[in-house]
file upload-v6.cif (mmCIF, C-alpha atoms and all ligand atoms)
data_target
#
loop_
_atom_site.label_atom_id
_atom_site.label_comp_id
_atom_site.auth_asym_id
_atom_site.auth_seq_id
_atom_site.Cartn_x
_atom_site.Cartn_y
_atom_site.Cartn_z
CA MET Q 1 -12.70 -16.99 1.42
CA PRO Q 2 -9.00 -17.51 2.29
CA LYS Q 3 -7.25 -15.30 4.84
CA SER Q 4 -6.63 -11.69 3.78
CA VAL Q 5 -3.15 -10.82 2.55
CA PHE Q 6 -1.86 -7.29 3.04
CA VAL Q 7 0.89 -5.39 1.27
CA THR Q 8 3.00 -5.89 4.35
CA GLN Q 9 2.89 -7.41 7.79
CA PRO Q 10 5.17 -6.12 10.54
CA TYR Q 11 7.94 -8.50 11.53
CA LEU Q 12 7.50 -9.57 15.17
CA PRO Q 13 9.90 -12.00 16.88
CA PRO Q 14 8.41 -14.56 19.30
CA LEU Q 15 6.88 -12.66 22.24
CA GLU Q 16 8.74 -14.69 24.85
CA GLU Q 17 12.04 -13.39 23.45
CA PHE Q 18 11.00 -9.85 24.34
CA ILE Q 19 10.14 -10.54 27.99
CA PRO Q 20 13.75 -10.45 29.32
CA TYR Q 21 14.20 -7.02 27.74
CA LEU Q 22 11.08 -5.77 29.52
CA GLU Q 23 12.31 -7.22 32.79
CA GLU Q 24 15.52 -5.21 32.42
CA ILE Q 25 13.57 -2.00 31.84
CA TRP Q 26 11.33 -2.69 34.83
CA ALA Q 27 14.41 -3.31 36.98
CA SER Q 28 16.28 -0.19 35.87
CA LYS Q 29 13.20 2.07 35.78
CA ILE Q 30 14.89 3.96 32.96
CA LEU Q 31 12.20 4.47 30.36
CA THR Q 32 13.65 7.09 28.03
CA ASN Q 33 16.17 9.99 27.68
CA GLY Q 34 19.08 8.06 26.21
CA GLY Q 35 18.94 5.02 28.52
CA PRO Q 36 20.99 1.81 28.22
CA PHE Q 37 18.97 0.20 25.40
CA HIS Q 38 19.03 3.47 23.46
CA GLN Q 39 22.82 3.59 23.74
CA GLN Q 40 23.16 -0.09 22.83
CA LEU Q 41 20.93 0.24 19.79
CA GLU Q 42 22.77 3.29 18.44
CA GLN Q 43 26.05 1.36 18.58
CA ALA Q 44 24.55 -1.90 17.29
CA LEU Q 45 22.97 -0.12 14.31
CA CYS Q 46 26.24 1.66 13.48
CA ASP Q 47 27.93 -1.73 13.46
CA TYR Q 48 25.20 -3.49 11.49
CA LEU Q 49 24.74 -0.75 8.91
CA GLY Q 50 28.42 0.12 8.62
CA VAL Q 51 28.01 3.82 9.45
CA LYS Q 52 29.94 6.02 11.88
CA HIS Q 53 27.32 8.03 13.76
CA LEU Q 54 23.62 7.49 14.22
CA SER Q 55 21.03 9.23 16.35
CA LEU Q 56 17.79 7.43 17.19
CA PHE Q 57 14.39 9.12 16.91
CA ALA Q 58 10.79 8.45 17.91
CA ASN Q 59 9.90 8.26 14.20
CA GLY Q 60 11.29 9.08 10.78
CA THR Q 61 9.27 12.27 10.33
CA LEU Q 62 10.75 13.90 13.44
CA ALA Q 63 14.16 12.79 12.21
CA LEU Q 64 13.57 14.52 8.85
CA VAL Q 65 12.36 17.70 10.57
CA THR Q 66 15.43 17.68 12.83
CA ALA Q 67 17.88 16.88 10.00
CA LEU Q 68 16.77 20.06 8.21
CA GLN Q 69 17.21 22.05 11.43
CA ALA Q 70 20.63 20.58 12.17
CA LEU Q 71 21.91 21.88 8.82
CA ARG Q 72 20.01 25.18 9.22
CA ILE Q 73 18.22 24.69 5.92
CA THR Q 74 15.98 27.60 4.82
CA GLY Q 75 14.41 28.97 1.63
CA GLU Q 76 13.74 26.33 -1.03
CA VAL Q 77 14.61 22.64 -1.12
CA ILE Q 78 14.47 20.47 -4.23
CA THR Q 79 12.66 17.19 -3.65
CA THR Q 80 10.56 14.49 -5.27
CA PRO Q 81 6.77 14.32 -5.60
CA TYR Q 82 6.95 10.52 -5.72
CA SER Q 83 7.25 9.65 -2.04
CA PHE Q 84 5.32 9.38 1.18
CA VAL Q 85 3.90 12.75 2.17
CA ALA Q 86 6.21 13.06 5.24
CA THR Q 87 9.13 13.93 2.92
CA ALA Q 88 7.53 17.23 1.89
CA HIS Q 89 5.75 17.80 5.20
CA SER Q 90 9.13 17.92 6.98
CA LEU Q 91 9.95 20.95 4.82
CA LEU Q 92 6.69 22.74 5.60
CA TRP Q 93 7.24 22.12 9.33
CA ASN Q 94 10.47 24.12 8.95
CA GLY Q 95 8.91 26.93 6.90
CA ILE Q 96 10.83 25.73 3.82
CA ALA Q 97 9.29 25.75 0.33
CA PRO Q 98 9.49 22.41 -1.47
CA VAL Q 99 10.39 22.64 -5.16
CA PHE Q 100 9.31 19.45 -6.91
CA VAL Q 101 11.45 17.91 -9.62
CA ASP Q 102 10.43 14.93 -11.74
CA VAL Q 103 11.65 11.36 -11.25
CA GLU Q 104 13.64 9.19 -13.59
CA PRO Q 105 11.13 6.77 -15.23
CA ASN Q 106 13.13 3.57 -14.68
CA THR Q 107 14.06 4.03 -11.03
CA LEU Q 108 11.32 6.48 -9.92
CA ASN Q 109 14.05 8.35 -8.02
CA LEU Q 110 14.72 12.10 -8.40
CA ASP Q 111 16.06 12.69 -11.92
CA PRO Q 112 19.51 14.36 -11.67
CA ALA Q 113 19.16 15.69 -15.23
CA LYS Q 114 16.20 17.83 -14.14
CA ILE Q 115 17.61 19.25 -10.89
CA GLU Q 116 19.72 22.13 -12.19
CA ALA Q 117 16.82 23.82 -13.95
CA ALA Q 118 14.95 24.03 -10.65
CA ILE Q 119 17.78 25.74 -8.70
CA THR Q 120 17.12 29.39 -7.80
CA PRO Q 121 19.00 31.88 -5.56
CA LEU Q 122 16.77 30.63 -2.69
CA THR Q 123 17.73 26.96 -3.06
CA THR Q 124 19.74 25.69 -0.09
CA ALA Q 125 19.45 21.91 -0.30
CA ILE Q 126 18.33 18.82 -2.19
CA MET Q 127 16.26 16.14 -0.45
CA PRO Q 128 16.00 13.00 -2.63
CA VAL Q 129 14.39 9.71 -1.57
CA HIS Q 130 15.90 6.26 -2.17
CA CYS Q 131 12.46 5.16 -3.32
CA TYR Q 132 11.56 1.53 -2.46
CA GLY Q 133 15.11 1.22 -1.11
CA HIS Q 134 16.65 1.57 -4.58
CA PRO Q 135 19.63 3.93 -4.40
CA CYS Q 136 19.45 7.30 -6.15
CA ASP Q 137 22.10 8.33 -8.66
CA VAL Q 138 24.16 9.54 -5.70
CA GLU Q 139 27.22 10.59 -7.71
CA ALA Q 140 25.32 12.79 -10.14
CA ILE Q 141 23.30 14.39 -7.34
CA GLN Q 142 26.41 15.02 -5.21
CA LYS Q 143 28.09 16.71 -8.17
CA ILE Q 144 25.19 19.14 -8.52
CA ALA Q 145 25.13 19.78 -4.77
CA ASP Q 146 28.87 20.53 -4.84
CA ASN Q 147 28.64 22.77 -7.90
CA TYR Q 148 25.89 24.89 -6.39
CA ASN Q 149 27.01 24.68 -2.76
CA LEU Q 150 23.81 22.93 -1.69
CA LYS Q 151 23.32 20.61 1.28
CA LEU Q 152 22.13 17.09 0.54
CA ILE Q 153 19.78 15.19 2.87
CA TYR Q 154 18.63 11.74 1.80
CA ASP Q 155 15.23 10.51 2.90
CA ALA Q 156 16.43 6.92 3.28
CA ALA Q 157 13.26 5.74 5.05
CA HIS Q 158 13.12 2.71 2.72
CA ALA Q 159 16.85 1.98 2.56
CA PHE Q 160 17.70 0.11 5.76
CA GLY Q 161 20.67 -2.17 5.09
CA VAL Q 162 21.04 -1.27 1.41
CA LYS Q 163 24.61 -1.25 0.17
CA ASP Q 164 26.28 -0.11 -3.02
CA LYS Q 165 29.82 -0.91 -4.16
CA GLY Q 166 31.39 1.39 -1.58
CA GLY Q 167 29.30 0.29 1.43
CA SER Q 168 26.12 1.56 3.05
CA VAL Q 169 24.05 3.93 0.88
CA LEU Q 170 23.41 5.84 4.10
CA ARG Q 171 26.92 7.34 3.94
CA HIS Q 172 25.98 9.57 0.99
CA GLY Q 173 25.08 13.24 1.27
CA ASP Q 174 25.37 15.35 4.41
CA LEU Q 175 22.74 13.36 6.33
CA SER Q 176 20.51 10.32 5.76
CA VAL Q 177 17.26 9.62 7.54
CA LEU Q 178 15.78 6.17 8.27
CA SER Q 179 12.28 5.17 9.37
CA PHE Q 180 11.68 2.18 11.66
CA HIS Q 181 7.91 2.36 11.28
CA ALA Q 182 5.99 -0.91 11.67
CA THR Q 183 5.77 -1.29 7.88
CA LYS Q 184 9.51 -1.02 7.31
CA VAL Q 185 12.12 -3.77 6.78
CA PHE Q 186 13.50 -3.07 10.26
CA ASN Q 187 10.85 -1.85 12.70
CA THR Q 188 10.82 -0.69 16.30
CA PHE Q 189 6.98 -0.28 16.25
CA GLU Q 190 7.64 3.44 15.57
CA GLY Q 191 11.12 4.84 15.22
CA GLY Q 192 13.71 6.46 13.03
CA ALA Q 193 17.29 7.67 12.87
CA ILE Q 194 19.63 10.25 11.38
CA ILE Q 195 22.97 9.04 10.08
CA CYS Q 196 25.68 11.69 10.15
CA PRO Q 197 29.41 11.71 9.39
CA ASP Q 198 30.91 13.20 12.58
CA ALA Q 199 30.49 13.37 16.34
CA LYS Q 200 29.97 17.15 16.34
CA THR Q 201 26.94 16.91 14.05
CA LYS Q 202 25.57 14.04 16.17
CA LEU Q 203 25.82 16.23 19.26
CA THR Q 204 23.85 19.00 17.50
CA ILE Q 205 21.21 16.47 16.43
CA ASP Q 206 21.01 14.92 19.91
CA ARG Q 207 20.42 18.35 21.41
CA LEU Q 208 17.76 19.23 18.85
CA LYS Q 209 15.85 16.02 19.57
CA ASN Q 210 15.88 16.83 23.30
CA PHE Q 211 14.21 20.26 23.24
CA GLY Q 212 17.56 21.99 22.58
CA PHE Q 213 18.97 21.23 26.04
CA VAL Q 214 22.76 21.22 26.30
CA ASP Q 215 22.83 20.75 30.07
CA GLU Q 216 20.41 20.79 32.97
CA THR Q 217 19.72 24.52 32.78
CA THR Q 218 20.68 25.63 29.26
CA VAL Q 219 18.54 25.50 26.13
CA VAL Q 220 20.20 26.70 22.93
CA ALA Q 221 17.59 25.96 20.26
CA SER Q 222 13.85 25.44 19.91
CA GLY Q 223 14.35 21.68 19.62
CA ILE Q 224 11.59 19.12 19.65
CA ASN Q 225 10.95 15.95 21.65
CA GLY Q 226 12.19 13.39 19.14
CA LYS Q 227 13.60 10.84 21.55
CA MET Q 228 13.12 7.10 21.13
CA SER Q 229 11.91 5.31 24.29
CA GLU Q 230 13.67 2.39 25.94
CA ILE Q 231 10.88 -0.01 24.95
CA ASN Q 232 11.34 0.80 21.28
CA ALA Q 233 15.13 0.65 21.55
CA ALA Q 234 15.01 -2.71 23.38
CA PHE Q 235 12.70 -4.05 20.69
CA GLY Q 236 15.19 -2.83 18.08
CA MET Q 237 17.96 -4.82 19.77
CA LEU Q 238 15.81 -7.95 19.53
CA GLN Q 239 14.83 -7.22 15.92
CA LEU Q 240 18.49 -7.00 14.94
CA LYS Q 241 18.91 -10.67 15.89
CA HIS Q 242 16.34 -11.61 13.26
CA ILE Q 243 16.98 -9.05 10.55
CA ASP Q 244 19.22 -11.12 8.27
CA ALA Q 245 16.72 -14.00 8.17
CA ALA Q 246 13.88 -11.54 7.54
CA ILE Q 247 15.68 -9.93 4.58
CA ALA Q 248 16.65 -13.36 3.21
CA ARG Q 249 12.99 -14.41 3.17
CA ARG Q 250 12.04 -11.13 1.44
CA LYS Q 251 14.68 -11.91 -1.20
CA ASP Q 252 13.00 -15.26 -1.94
CA VAL Q 253 9.61 -13.60 -2.29
CA ASP Q 254 11.12 -10.99 -4.65
CA ALA Q 255 12.76 -13.71 -6.79
CA THR Q 256 9.50 -15.69 -7.08
CA TYR Q 257 7.53 -12.64 -8.24
CA ARG Q 258 10.18 -11.80 -10.82
CA LYS Q 259 10.27 -15.36 -12.15
CA LEU Q 260 6.52 -15.89 -12.37
CA LEU Q 261 5.48 -12.43 -13.57
CA LYS Q 262 8.26 -12.13 -16.15
CA ASP Q 263 6.13 -13.07 -19.16
CA VAL Q 264 2.82 -11.51 -18.16
CA LYS Q 265 1.87 -9.08 -20.92
CA GLY Q 266 1.48 -5.55 -19.58
CA ILE Q 267 3.10 -6.19 -16.19
CA ARG Q 268 6.57 -4.79 -15.56
CA CYS Q 269 8.50 -5.39 -12.37
CA LEU Q 270 10.52 -2.36 -11.31
CA GLU Q 271 14.13 -3.41 -11.72
CA ASN Q 272 16.19 -3.92 -8.62
CA ALA Q 273 18.78 -1.22 -9.20
CA VAL Q 274 22.48 -1.80 -9.30
CA GLU Q 275 22.86 -1.98 -5.54
CA GLU Q 276 25.20 -4.62 -4.19
CA GLU Q 277 22.87 -5.57 -1.36
CA ALA Q 278 19.17 -4.83 -1.66
CA ASN Q 279 16.65 -5.02 1.18
CA TYR Q 280 13.55 -6.08 -0.83
CA ALA Q 281 11.46 -3.56 1.09
CA TYR Q 282 8.70 -3.33 -1.55
CA PHE Q 283 7.65 -5.13 -4.70
CA PRO Q 284 6.32 -2.50 -7.13
CA ILE Q 285 4.90 -3.55 -10.48
CA LEU Q 286 3.85 -1.20 -13.31
CA VAL Q 287 0.56 -2.04 -14.97
CA ASP Q 288 0.89 -0.95 -18.61
CA ASP Q 289 -1.89 -0.22 -21.12
CA ASP Q 290 -1.49 -3.64 -22.77
CA TYR Q 291 -2.43 -5.49 -19.56
CA SER Q 292 -5.93 -6.95 -19.65
CA LEU Q 293 -7.17 -4.60 -16.91
CA SER Q 294 -6.51 -1.04 -15.82
CA ARG Q 295 -4.27 -0.59 -12.79
CA ASP Q 296 -7.24 0.36 -10.64
CA ASP Q 297 -9.34 -2.59 -11.84
CA LEU Q 298 -6.49 -4.97 -10.99
CA TYR Q 299 -6.20 -3.31 -7.58
CA GLU Q 300 -9.96 -3.76 -6.98
CA ASN Q 301 -9.98 -7.36 -8.27
CA LEU Q 302 -7.14 -8.28 -5.94
CA LYS Q 303 -9.01 -6.65 -3.07
CA GLU Q 304 -12.14 -8.66 -3.86
CA CYS Q 305 -10.20 -11.88 -3.36
CA GLY Q 306 -8.66 -10.64 -0.10
CA VAL Q 307 -5.35 -9.33 -1.45
CA PHE Q 308 -4.83 -5.78 -0.23
CA THR Q 309 -2.10 -4.17 -2.34
CA ARG Q 310 -1.16 -0.47 -2.20
CA ARG Q 311 -0.84 2.07 -4.96
CA TYR Q 312 2.35 3.62 -3.52
CA PHE Q 313 2.71 6.51 -4.37
CA TYR Q 314 -0.73 7.56 -5.43
CA PRO Q 315 -1.85 10.28 -5.07
CA LEU Q 316 1.44 12.09 -5.63
CA ILE Q 317 2.51 14.48 -2.89
CA THR Q 318 1.85 17.27 -5.39
CA ASP Q 319 -1.83 16.27 -5.56
CA PHE Q 320 -2.45 17.09 -1.89
CA SER Q 321 -4.09 20.43 -1.18
CA MET Q 322 -1.15 22.04 0.62
CA TYR Q 323 1.18 21.43 -2.37
CA ARG Q 324 -1.11 21.40 -5.40
CA ASN Q 325 -0.95 25.14 -6.15
CA MET Q 326 2.83 25.41 -6.03
CA PRO Q 327 4.23 26.15 -9.51
CA SER Q 328 6.53 23.10 -9.42
CA ALA Q 329 3.55 20.85 -8.58
CA ASN Q 330 2.08 21.36 -12.05
CA PRO Q 331 1.70 17.89 -13.65
CA GLU Q 332 3.36 19.24 -16.82
CA ASN Q 333 6.51 19.66 -14.74
CA LEU Q 334 6.29 16.07 -13.48
CA PRO Q 335 5.32 13.74 -16.34
CA ALA Q 336 7.22 10.63 -15.20
CA ALA Q 337 5.96 10.89 -11.61
CA ASN Q 338 2.39 11.29 -12.83
CA VAL Q 339 2.66 8.25 -15.10
CA ALA Q 340 4.14 6.16 -12.28
CA ALA Q 341 1.40 7.22 -9.87
CA GLN Q 342 -1.15 5.92 -12.39
CA LYS Q 343 0.63 2.60 -13.04
CA VAL Q 344 2.21 1.28 -9.88
CA ILE Q 345 0.89 -1.34 -7.50
CA CYS Q 346 3.02 -2.62 -4.63
CA LEU Q 347 2.47 -6.34 -4.09
CA PRO Q 348 2.60 -8.12 -0.72
CA ILE Q 349 6.16 -8.76 0.45
CA TYR Q 350 7.12 -9.63 4.02
CA PRO Q 351 8.92 -12.46 5.81
CA ALA Q 352 5.78 -14.34 6.94
CA LEU Q 353 4.14 -14.35 3.49
CA THR Q 354 3.60 -18.02 2.65
CA ASP Q 355 4.25 -19.59 -0.74
CA VAL Q 356 0.54 -20.38 -1.03
CA GLU Q 357 -0.43 -16.77 -0.33
CA GLN Q 358 2.11 -15.45 -2.81
CA GLN Q 359 0.88 -17.91 -5.45
CA ARG Q 360 -2.66 -16.61 -4.91
CA VAL Q 361 -1.47 -13.05 -5.67
CA ILE Q 362 0.40 -14.23 -8.77
CA ASP Q 363 -2.49 -16.37 -10.06
CA LYS Q 364 -4.84 -13.43 -9.75
CA ILE Q 365 -2.48 -11.20 -11.76
CA ILE Q 366 -1.89 -13.88 -14.39
CA GLY Q 367 -5.64 -14.34 -14.57
CA THR Q 368 -5.81 -18.00 -13.63
CA LEU Q 369 -7.67 -17.42 -10.34
C1 LIG A 401 9.81 7.93 2.14
C2 LIG A 401 9.35 8.12 3.55
N1 LIG A 401 9.74 9.19 4.23
C3 LIG A 401 9.37 9.39 5.51
C4 LIG A 401 8.55 8.50 6.17
C5 LIG A 401 8.12 8.81 7.56
O1 LIG A 401 8.59 7.91 8.48
P1 LIG A 401 7.77 7.65 9.85
O2 LIG A 401 6.51 6.97 9.51
O3 LIG A 401 8.72 6.80 10.63
O4 LIG A 401 7.56 8.99 10.49
C6 LIG A 401 8.10 7.35 5.49
C7 LIG A 401 7.28 6.29 6.06
O5 LIG A 401 6.56 6.18 6.92
C8 LIG A 401 8.50 7.16 4.14
O6 LIG A 401 8.08 6.09 3.46
#
call {"tool": "encode", "arguments": {"input": "upload-v6.cif", "output": "structure tokens"}}
result
Amino acid sequence: MPKSVFVTQPYLPPLEEFIPYLEEIWASKILTNGGPFHQQLEQALCDYLGVKHLSLFANGTLALVTALQALRITGEVITTPYSFVATAHSLLWNGIAPVFVDVEPNTLNLDPAKIEAAITPLTTAIMPVHCYGHPCDVEAIQKIADNYNLKLIYDAAHAFGVKDKGGSVLRHGDLSVLSFHATKVFNTFEGGAIICPDAKTKLTIDRLKNFGFVDETTVVASGINGKMSEINAAFGMLQLKHIDAAIARRKDVDATYRKLLKDVKGIRCLENAVEEEANYAYFPILVDDDYSLSRDDLYENLKECGVFTRRYFYPLITDFSMYRNMPSANPENLPAANVAAQKVICLPIYPALTDVEQQRVIDKIIGTL
């Protein structure tokens, strides 16, 4: 049996390149609390991503929780059921009620045409997800937010480095949140960030991620410990040196899948949206009824030959027990999300995936293996 292939494999630069960073940390004895690598990485990421202000976090979930607090969001927030569960969990952690709105069937992002009907007097914000790194319909969503005086926080966990015609997609809305989890395009083992438009908001966020301290003796909010450590920040600095090559390799993998799966009956590749610069974070395919197997049979068959794909996002967030009984979680309210959850498989895509391994995945789907 050939080596197992997983849906992703974290990108790790050569170990010896990391040693000098560790030596610096050992010499300085500064391990956390906004040390030199933390400061360097915030600036380097602003430069790389083309954004003005960025605050690093220990992970993306704490960043989402803090983003909601920074904007003092309460009541109800409109969001998508088709995401990783942390999107909705960040609302529950703040005592906010998620209101689920269906996705648009071609992009699997929150459907702007369905948002207005879900707004109530308790709605204070919209939290869409740039699912798989494909940008939402940011203009349409911003228009609704403006019309109803709602805040807009993008869960941009998948959207590192993605650009549209005007620049980084992370500039949209009031805040955007990134994840640097091991499975992401850019990883710091664990990590995350909030992107915000001004220095004043960054200061609020930085206080909230440090227990609410504003100086040595004053605490102004019940903030959390969301700080990224120096080890993670140093690793981020090293990762940035390799990120362009890593995304370029992902692009090749994406192009090969599209070319070789194009004519397979019953298999649809989710279109890369209209973004100017994609990040090729995931490779979702939709397994339609006219494919020779069901989605789950294909998933199991791939597993049997050592190819471990993922059915992201199945189950839907709205299928989990803490959300299932909410009125907006009713499957009748979310037909497109429910269809997608039954059809999607994410195929292996990562910089170290070899041509031979990718061909094995493709042959299995085509049915020649
Ligand atoms: C859409 C989405 N939101 C939030 C998160 C949470 O990020 P983290 O794992 O860094 O806490 C993830 C991934 O892990 C995600 O995919």
call {"tool": "residues_near_ligand", "arguments": {"input": "upload-v6.cif", "ligand": "ligand LIG 401 (chain A)", "cutoff": "8 Å", "atoms": "all atoms listed in the file", "output": "list of chain:residue names"}}
result
Q:Ala58, Q:Asn59, Q:Gly60, Q:Thr61, Q:Leu62, Q:Ala63, Q:Leu64, Q:Ser83, Q:Phe84, Q:Val85, Q:Ala86, Q:Thr87, Q:Val129, Q:His130, Q:Cys131, Q:Asp155, Q:Ala156, Q:Ala157, Q:His158, Q:Leu178, Q:Ser179, Q:Phe180, Q:His181, Q:Thr183, Q:Lys184, Q:Glu190, Q:Gly191, Q:Gly192
call {"tool": "closest_residue", "arguments": {"input": "upload-v6.cif", "among": "Q:Asp296, Q:Phe308, Q:Pro128, Q:Ile224", "to": "Q:Leu208", "atoms": "only C-alpha atoms"}}
result
Q:Ile224
call {"tool": "closest_residue", "arguments": {"input": "upload-v6.cif", "among": "Q:Leu316, Q:Ala182, Q:Ala273, Q:Ile119", "to": "Q:Phe235", "atoms": "only C-alpha atoms"}}
result
Q:Ala182
call {"tool": "residues_around", "arguments": {"input": "upload-v6.cif", "residues": "stretch 252-257 of chain Q", "least_positions_apart": "4", "cutoff": "9 Å", "atoms": "all atoms listed in the file", "output": "list in words"}}
result
Ile247, Ala248, Leu261, Lys262, Cys269, Tyr280, Tyr282, Phe283, Ile349, Tyr350, Pro351, Leu353, Thr354, Asp355, Gln358, Gln359 and Ile362 of chain Q
call {"tool": "residues_around", "arguments": {"input": "upload-v6.cif", "residues": "Q:Phe18", "least_positions_apart": "6", "cutoff": "10 Å", "atoms": "all atoms listed in the file", "output": "MDAnalysis selection string"}}
result
chainID Q and resid 12 231 234:235 237:239
call {"tool": "atom_distance", "arguments": {"input": "upload-v6.cif", "atom1": "atom CA of Q:Leu302", "atom2": "atom CA of Q:Leu286"}}
result
15.0 Å
call {"tool": "residues_around", "arguments": {"input": "upload-v6.cif", "residues": "Q:Cys346", "least_positions_apart": "5", "cutoff": "6 Å", "atoms": "all atoms listed in the file", "output": "count of residues only"}}
result
4
call {"tool": "closest_residue", "arguments": {"input": "upload-v6.cif", "among": "Q:Ser222, Q:Thr107, Q:Thr120, Q:Gln342", "to": "Q:Ser294", "atoms": "only C-alpha atoms"}}
result
Q:Gln342
call {"tool": "axis_aligned_box", "arguments": {"input": "upload-v6.cif", "around": "stretch 4-8 of chain Q", "padding_each_side": "6 Å", "output": "AutoDock Vina command-line options"}}
result
--center_x -1.8 --center_y -8.5 --center_z 2.8 --size_x 21.6 --size_y 18.3 --size_z 15.1
call {"tool": "atom_distance", "arguments": {"input": "upload-v6.cif", "atom1": "atom CA of Q:Arg295", "atom2": "atom CA of Q:Lys364"}}
result
13.2 Å
call {"tool": "atom_distance", "arguments": {"input": "upload-v6.cif", "atom1": "atom CA of Q:Ile194", "atom2": "atom CA of Q:Thr217"}}
result
25.7 Å
call {"tool": "residues_around", "arguments": {"input": "upload-v6.cif", "residues": "Q:Glu139", "least_positions_apart": "2", "cutoff": "12 Å", "atoms": "all atoms listed in the file", "output": "count of residues only"}}
result
16
call {"tool": "closest_atom_pairs", "arguments": {"input": "upload-v6.cif", "of": "stretch 95-126 of chain Q", "to": "stretch 318-334 of chain Q", "cutoff": "7 Å", "atoms": "all atoms listed in the file", "output": "Markdown table"}}
result
| residue | atom | partner | partner_atom | distance |
| --- | --- | --- | --- | --- |
| Q:Val99 | CA | Q:Ser328 | CA | 5.8 |
| Q:Phe100 | CA | Q:Ser328 | CA | 5.2 |
| Q:Val101 | CA | Q:Leu334 | CA | 6.7 |
| Q:Asp102 | CA | Q:Leu334 | CA | 4.6 |
call {"tool": "residues_near_point", "arguments": {"input": "upload-v6.cif", "point": "(24.5, 3.0, 13.2)", "cutoff": "10 Å", "atoms": "all atoms listed in the file", "output": "VMD selection string"}}
result
chain Q and resid 41 to 56 170 193 to 196
call {"tool": "closest_residue", "arguments": {"input": "upload-v6.cif", "among": "Q:Ala221, Q:Ala336, Q:Ala117, Q:Ile126", "to": "Q:Val77", "atoms": "all atoms listed in the file"}}
result
Q:Ile126
call {"tool": "residues_around", "arguments": {"input": "upload-v6.cif", "residues": "Q:Gly35", "least_positions_apart": "3", "cutoff": "10 Å", "atoms": "all atoms listed in the file", "output": "list of chain:residue names"}}
result
Q:Ile25, Q:Ser28, Q:Lys29, Q:Ile30, Q:Leu31, Q:Thr32, Q:His38, Q:Gln39, Q:Gln40, Q:Met228, Q:Ser229, Q:Glu230, Q:Ala233
call {"tool": "write_last_selection", "arguments": {"input": "upload-v6.cif", "atoms": "C-alpha atoms", "output": "tab-separated table (two decimals), keeping the file's coordinate frame"}}
result
chain	number	residue	atom	x	y	z
Q	25	ILE	CA	13.57	-2.00	31.84
Q	28	SER	CA	16.28	-0.19	35.87
Q	29	LYS	CA	13.20	2.07	35.78
Q	30	ILE	CA	14.89	3.96	32.96
Q	31	LEU	CA	12.20	4.47	30.36
Q	32	THR	CA	13.65	7.09	28.03
Q	38	HIS	CA	19.03	3.47	23.46
Q	39	GLN	CA	22.82	3.59	23.74
Q	40	GLN	CA	23.16	-0.09	22.83
Q	228	MET	CA	13.12	7.10	21.13
Q	229	SER	CA	11.91	5.31	24.29
Q	230	GLU	CA	13.67	2.39	25.94
Q	233	ALA	CA	15.13	0.65	21.55
call {"tool": "closest_residue", "arguments": {"input": "upload-v6.cif", "among": "Q:Val361, Q:Ala340, Q:Ala27, Q:Leu22", "to": "Q:Pro2", "atoms": "only C-alpha atoms"}}
result
Q:Val361
call {"tool": "residues_near_point", "arguments": {"input": "upload-v6.cif", "point": "(22.8, 19.4, 13.7)", "cutoff": "7 Å", "atoms": "only C-alpha atoms", "output": "VMD selection string"}}
result
chain Q and resid 67 69 to 71 201 to 202 204 to 205
call {"tool": "closest_residue", "arguments": {"input": "upload-v6.cif", "among": "Q:Val344, Q:Ala278, Q:Val7, Q:Val214", "to": "Q:Lys163", "atoms": "only C-alpha atoms"}}
result
Q:Ala278
